[in-house]
Structure formats: C-alpha cells, structure tokens
Amino acid sequence: MLYQEKVPGGKLVCMEIWPSQDGSAASKVKITGDFFLHPEDSITDIENSLVGLSLACSQNELTNKIQNSLNKNNAQLIGVTPEQLAEIFLKTTMQAEVSK
Amino acid sequence: MKWRVIDYTENTASMNMAIDESVSESVAKGESSPTIRFYGWKPSAVSIGYFQSLEREVDLAKCSEFGVEFVRRRTGGGAVYHDNLGEITYSIIAKEELFPKDIIASYKIICGYICDSLGLLNIASEFKPINDIITNNKKISGNAQTRRNGVLLQHGTILYKVDVDKMFSLLKVPDEKIKDKMIATVKERVTSIEQQNSSITKDQLYRALVNGFTKDKEIVFDSLSQPEILRAEELTNTRYKTKEWNFMR
C-alpha cells in the first residue's frame, strides 16, 4: 500500500505499508519524502512504532505512537506534524481499500 | 570567535558530502573553528534528501547517460540538481550554541546571510520558511540543516543559472502524464541570478556570498586540515559512494 501527499504548508510525505498475512495489521512501514527530522536516524524508530498496529486503529492512537517515538528520541519533525503523519497512515490504508 | 572560511573548490558529489561530515566531526571535537565553506559539483550531480527514495526521485539511467553523479545527503529536504556551471553551494558548520535552538529561527539567520549577499548585487530576496529563499516570489535558493553531536550543519545552493528541462530529465516526477505541466510550474516558480540580472557573473555572485556570509565576523581564510581530508576520503568510500547509503530508502 502506497500513498503520498504534500502536506498543506509543509512537505511531501510518502507512506508505504506492508500488511500482515491476514491483512489486519502493519508488518512493515516506510516513510519517505522531503520533510526534515532531527535526528534523522530516528525515522527507523518512528516506522517501527507503527509496526504491529491494526490498519483500522484510530488517528489518536497513531499520533500517540509517533509522538512517543519522537519524545523517546528527543526528535523534532519539520514539514509534517505527528497528527498529519497519522492521517497519512490511515489514508494509505484507505487507498488500498479503494484499489481493491 | 574566529570563523574559518574555505574558498570555493569543486569536488565529486560523494567528496562534497564527506567533507561536510568530516568538518562537522572536527568542529564537534573542538579541533576546528566554526567553518563557512563554498563549493561546486564536478561533475554535475543530483543530491537527494536523507528521507527520499533514490529510485523514486532520480532517473539513474539518465544520470549515467549525462555523466551526472548522485548522492544521498545527511540532511532532509528534496532532490536538487547541482549543475557544475549553474550554482554555488555553501555549508556552514558550527557548534549549535552559536545559533538559536529553534530550527526555523536558525534557518532564518543563515538564510539572512544569503539575502545580505544578494542585496550586495541589488537583488532583493527574503527567507521563506521552511527552507527557501525567494526573490520576486520565485525560489532562488534551497537550504537544508541537520544537527548532530552538538554541531549544526546547514548547506544550500544559490542558483546562478537554471536549466529546468535538464533538471527534469534527471529527476522523476510522480506522474509522467503531468510532467509538462510540472515543468511549466517549476519554470514559473524558480529563478536564478542570471534571470534577475544577466550582467552579474558567477564570480561576482561568489564574491558577494563571501562578503554576505562573513559580514560582522572575524574570519580567516584557510584550507581543510590533513585529518579532515583523510576522514573525508574515508567517508566517501565507507558511506557516500556506497549502495547501502545511497539506496538506503
């Protein structure tokens, strides 16, 4: 599942989600784009924080996971907010629904 | 506080990124003064942001055909085509405490050096957050920053001459069907020193940049130290030339 969006007033974010075998959860997540994140290597931790989550989970839960990961790494996202990343996660899963 | 200024040199893409990192390391260790460096890309190259997918952003076959190199930066941001004749790149590398903790505020200060430089050429420009400089509402400079080990590295380019068609022959667009429209849009949104005033030479731009960046600073023109050069050579081989790094995402 792949979806990309230029965040209003921000940067381009592309989300790729590989679903689990039964299609209910994310087994791998990759986030690419022209946003900024300091420190950069904390992107892996953000991606991993979304692995295992249900594809139908709430935007709040996703936002919390991303925010916790940022806090843990003392990291700062620029050009996209945790809420917007969470929304893009959900849009990626919906994109897959549409293309079924 | 004395700043070191490293005069314009042209290097390969991997070496340019390796020098920025090796200088960041030596500044972090207190072995080098805060540094302002100017450079060009020889051969021309495409650099991509840390989080971008190389294969999705860059037409690697076209790069090979035109002899254009590619490299992943350690900074975020977008893909940039660095034409050998068409731009000047700078980097500023200093302990974080010399700049505001707020990242956008520090962009504003460093981009202000570029606006001052362009002002010396009678080109009015302004910082446009997050990381651009615009003149007459068109982008003339893009910038990217990272902070590691207490050191701020910001590098960016100032467009002297822009060839949007060449740029788009090397960069991929999300949807080929709208490529022509995208090229037209970028032509409308991007400008260069040459477009603003065709009588300004690249050398005049460089002199203005040196003056704008060093205004109100105590400076010394110097070269890279031997350990910095050796470390940069090591980093080209262990990171910036490797598939693991460039195809990482």
# chains A, B, ... in the order shown; residues from 1 in each chain; ligands from 1
$ residues_around --residues "Asn137 in chain B" --least-positions-apart "2" --cutoff "9 Å" --atoms "only C-alpha atoms" --output "ChimeraX atom specification"
/B:125-126,134-135,139,189-190
$ residues_around --residues "Lys11 in chain A" --least-positions-apart "5" --cutoff "12 Å" --atoms "only C-alpha atoms" --output "PyMOL selection string"
(chain A and resi 4-6+32-37+77-81+84-85) or (chain B and resi 49+51-52+76-78+129-131)
$ write_last_selection --atoms "N, CA, C and O atoms" --output "compact mmCIF listing (two decimals), in the first residue's frame"
# COMPACT_ATOMS: atom_id res chain seq x y z
N GLN A 4 0.96 9.05 -1.22
CA GLN A 4 1.77 10.22 -0.93
C GLN A 4 0.97 11.50 -1.02
O GLN A 4 -0.01 11.59 -1.75
N GLU A 5 1.41 12.44 -0.24
CA GLU A 5 0.66 13.70 -0.15
C GLU A 5 1.60 14.84 0.21
O GLU A 5 2.50 14.66 1.03
N LYS A 6 1.39 15.98 -0.42
CA LYS A 6 2.12 17.16 0.02
C LYS A 6 1.28 17.81 1.11
O LYS A 6 0.14 18.20 0.87
N THR A 32 8.97 8.02 3.40
CA THR A 32 9.96 8.78 2.62
C THR A 32 9.38 10.15 2.28
O THR A 32 8.18 10.39 2.44
N GLY A 33 10.25 11.04 1.79
CA GLY A 33 9.77 12.36 1.40
C GLY A 33 10.81 13.43 1.63
O GLY A 33 11.96 13.14 1.99
N ASP A 34 10.39 14.69 1.43
CA ASP A 34 11.37 15.79 1.54
C ASP A 34 11.20 16.59 2.83
O ASP A 34 11.59 17.74 2.91
N PHE A 35 10.64 15.95 3.85
CA PHE A 35 10.49 16.59 5.17
C PHE A 35 11.83 16.56 5.91
O PHE A 35 12.82 16.01 5.42
N PHE A 36 11.84 17.15 7.10
CA PHE A 36 13.03 17.13 7.95
C PHE A 36 12.68 16.45 9.28
O PHE A 36 11.56 16.56 9.77
N LEU A 37 13.67 15.77 9.82
CA LEU A 37 13.53 15.14 11.14
C LEU A 37 14.91 15.16 11.79
O LEU A 37 15.89 14.69 11.20
N LEU A 77 10.19 16.86 14.26
CA LEU A 77 9.74 16.74 12.87
C LEU A 77 9.50 18.14 12.31
O LEU A 77 8.89 18.96 12.99
N ILE A 78 9.91 18.37 11.08
CA ILE A 78 9.65 19.68 10.46
C ILE A 78 9.08 19.44 9.07
O ILE A 78 9.63 18.66 8.28
N GLY A 79 7.98 20.11 8.78
CA GLY A 79 7.36 19.97 7.46
C GLY A 79 6.20 19.01 7.45
O GLY A 79 5.49 18.89 6.46
N VAL A 80 5.99 18.31 8.56
CA VAL A 80 4.82 17.45 8.75
C VAL A 80 4.66 17.23 10.26
O VAL A 80 5.66 17.13 10.97
N THR A 81 3.44 17.21 10.73
CA THR A 81 3.22 17.02 12.17
C THR A 81 2.91 15.54 12.45
O THR A 81 2.53 14.80 11.53
N GLN A 84 -0.51 14.76 11.22
CA GLN A 84 -0.59 14.60 9.76
C GLN A 84 -0.01 13.26 9.32
O GLN A 84 -0.53 12.62 8.41
N LEU A 85 1.07 12.83 9.98
CA LEU A 85 1.65 11.51 9.64
C LEU A 85 0.63 10.41 9.93
O LEU A 85 0.47 9.46 9.15
N GLY B 49 17.51 14.19 -0.48
CA GLY B 49 17.38 14.33 0.96
C GLY B 49 17.49 12.98 1.67
O GLY B 49 17.22 11.93 1.08
N PHE B 51 15.66 11.39 3.62
CA PHE B 51 14.48 10.51 3.71
C PHE B 51 13.90 10.12 2.36
O PHE B 51 12.87 9.47 2.29
N GLN B 52 14.53 10.56 1.29
CA GLN B 52 13.96 10.28 -0.03
C GLN B 52 14.39 8.92 -0.56
O GLN B 52 15.44 8.38 -0.19
N GLY B 76 17.76 16.39 5.53
CA GLY B 76 16.48 16.15 4.87
C GLY B 76 16.30 17.10 3.71
O GLY B 76 17.25 17.71 3.21
N GLY B 77 15.02 17.25 3.28
CA GLY B 77 14.75 18.13 2.15
C GLY B 77 14.62 17.35 0.85
O GLY B 77 14.53 16.12 0.88
N GLY B 78 14.59 18.09 -0.25
CA GLY B 78 14.27 17.47 -1.53
C GLY B 78 15.48 17.21 -2.42
O GLY B 78 16.62 17.52 -2.06
N PRO B 129 10.04 30.38 5.01
CA PRO B 129 10.07 29.11 5.74
C PRO B 129 9.37 28.00 4.95
O PRO B 129 8.41 28.31 4.23
N ILE B 130 9.83 26.81 4.95
CA ILE B 130 10.75 26.28 5.93
C ILE B 130 12.21 26.56 5.54
O ILE B 130 13.02 26.93 6.40
N ASN B 131 12.55 26.41 4.30
CA ASN B 131 13.98 26.38 3.97
C ASN B 131 14.33 27.00 2.63
O ASN B 131 15.31 26.61 2.02
$ residues_around --residues "Gln145 in chain B" --least-positions-apart "2" --cutoff "9 Å" --atoms "only C-alpha atoms" --output "VMD selection string"
(chain A and resid 36 38) or (chain B and resid 74 to 77 103 107 131 143 147 152 to 156)
$ closest_residue --among "A:Glu87, A:Asp45, A:Glu40, A:Glu16" --to "chain B" --atoms "only C-alpha atoms"
A:Glu40
$ residues_around --residues "Gly86 in chain B" --least-positions-apart "2" --cutoff "6 Å" --atoms "only C-alpha atoms" --output "PyMOL selection string"
chain B and resi 83-84+160-161
$ select_by_dssp --residues "range 145-215 of chain B" --states "alpha helix (DSSP H)" --output "JSON, numbers by chain"
{"B": [164, 165, 166, 167, 168, 169, 170, 179, 180, 181, 182, 183, 184, 185, 186, 187, 188, 189, 193, 194, 195, 196, 202, 203, 204, 205, 206, 207, 208, 209, 210, 211, 212, 213, 214]}
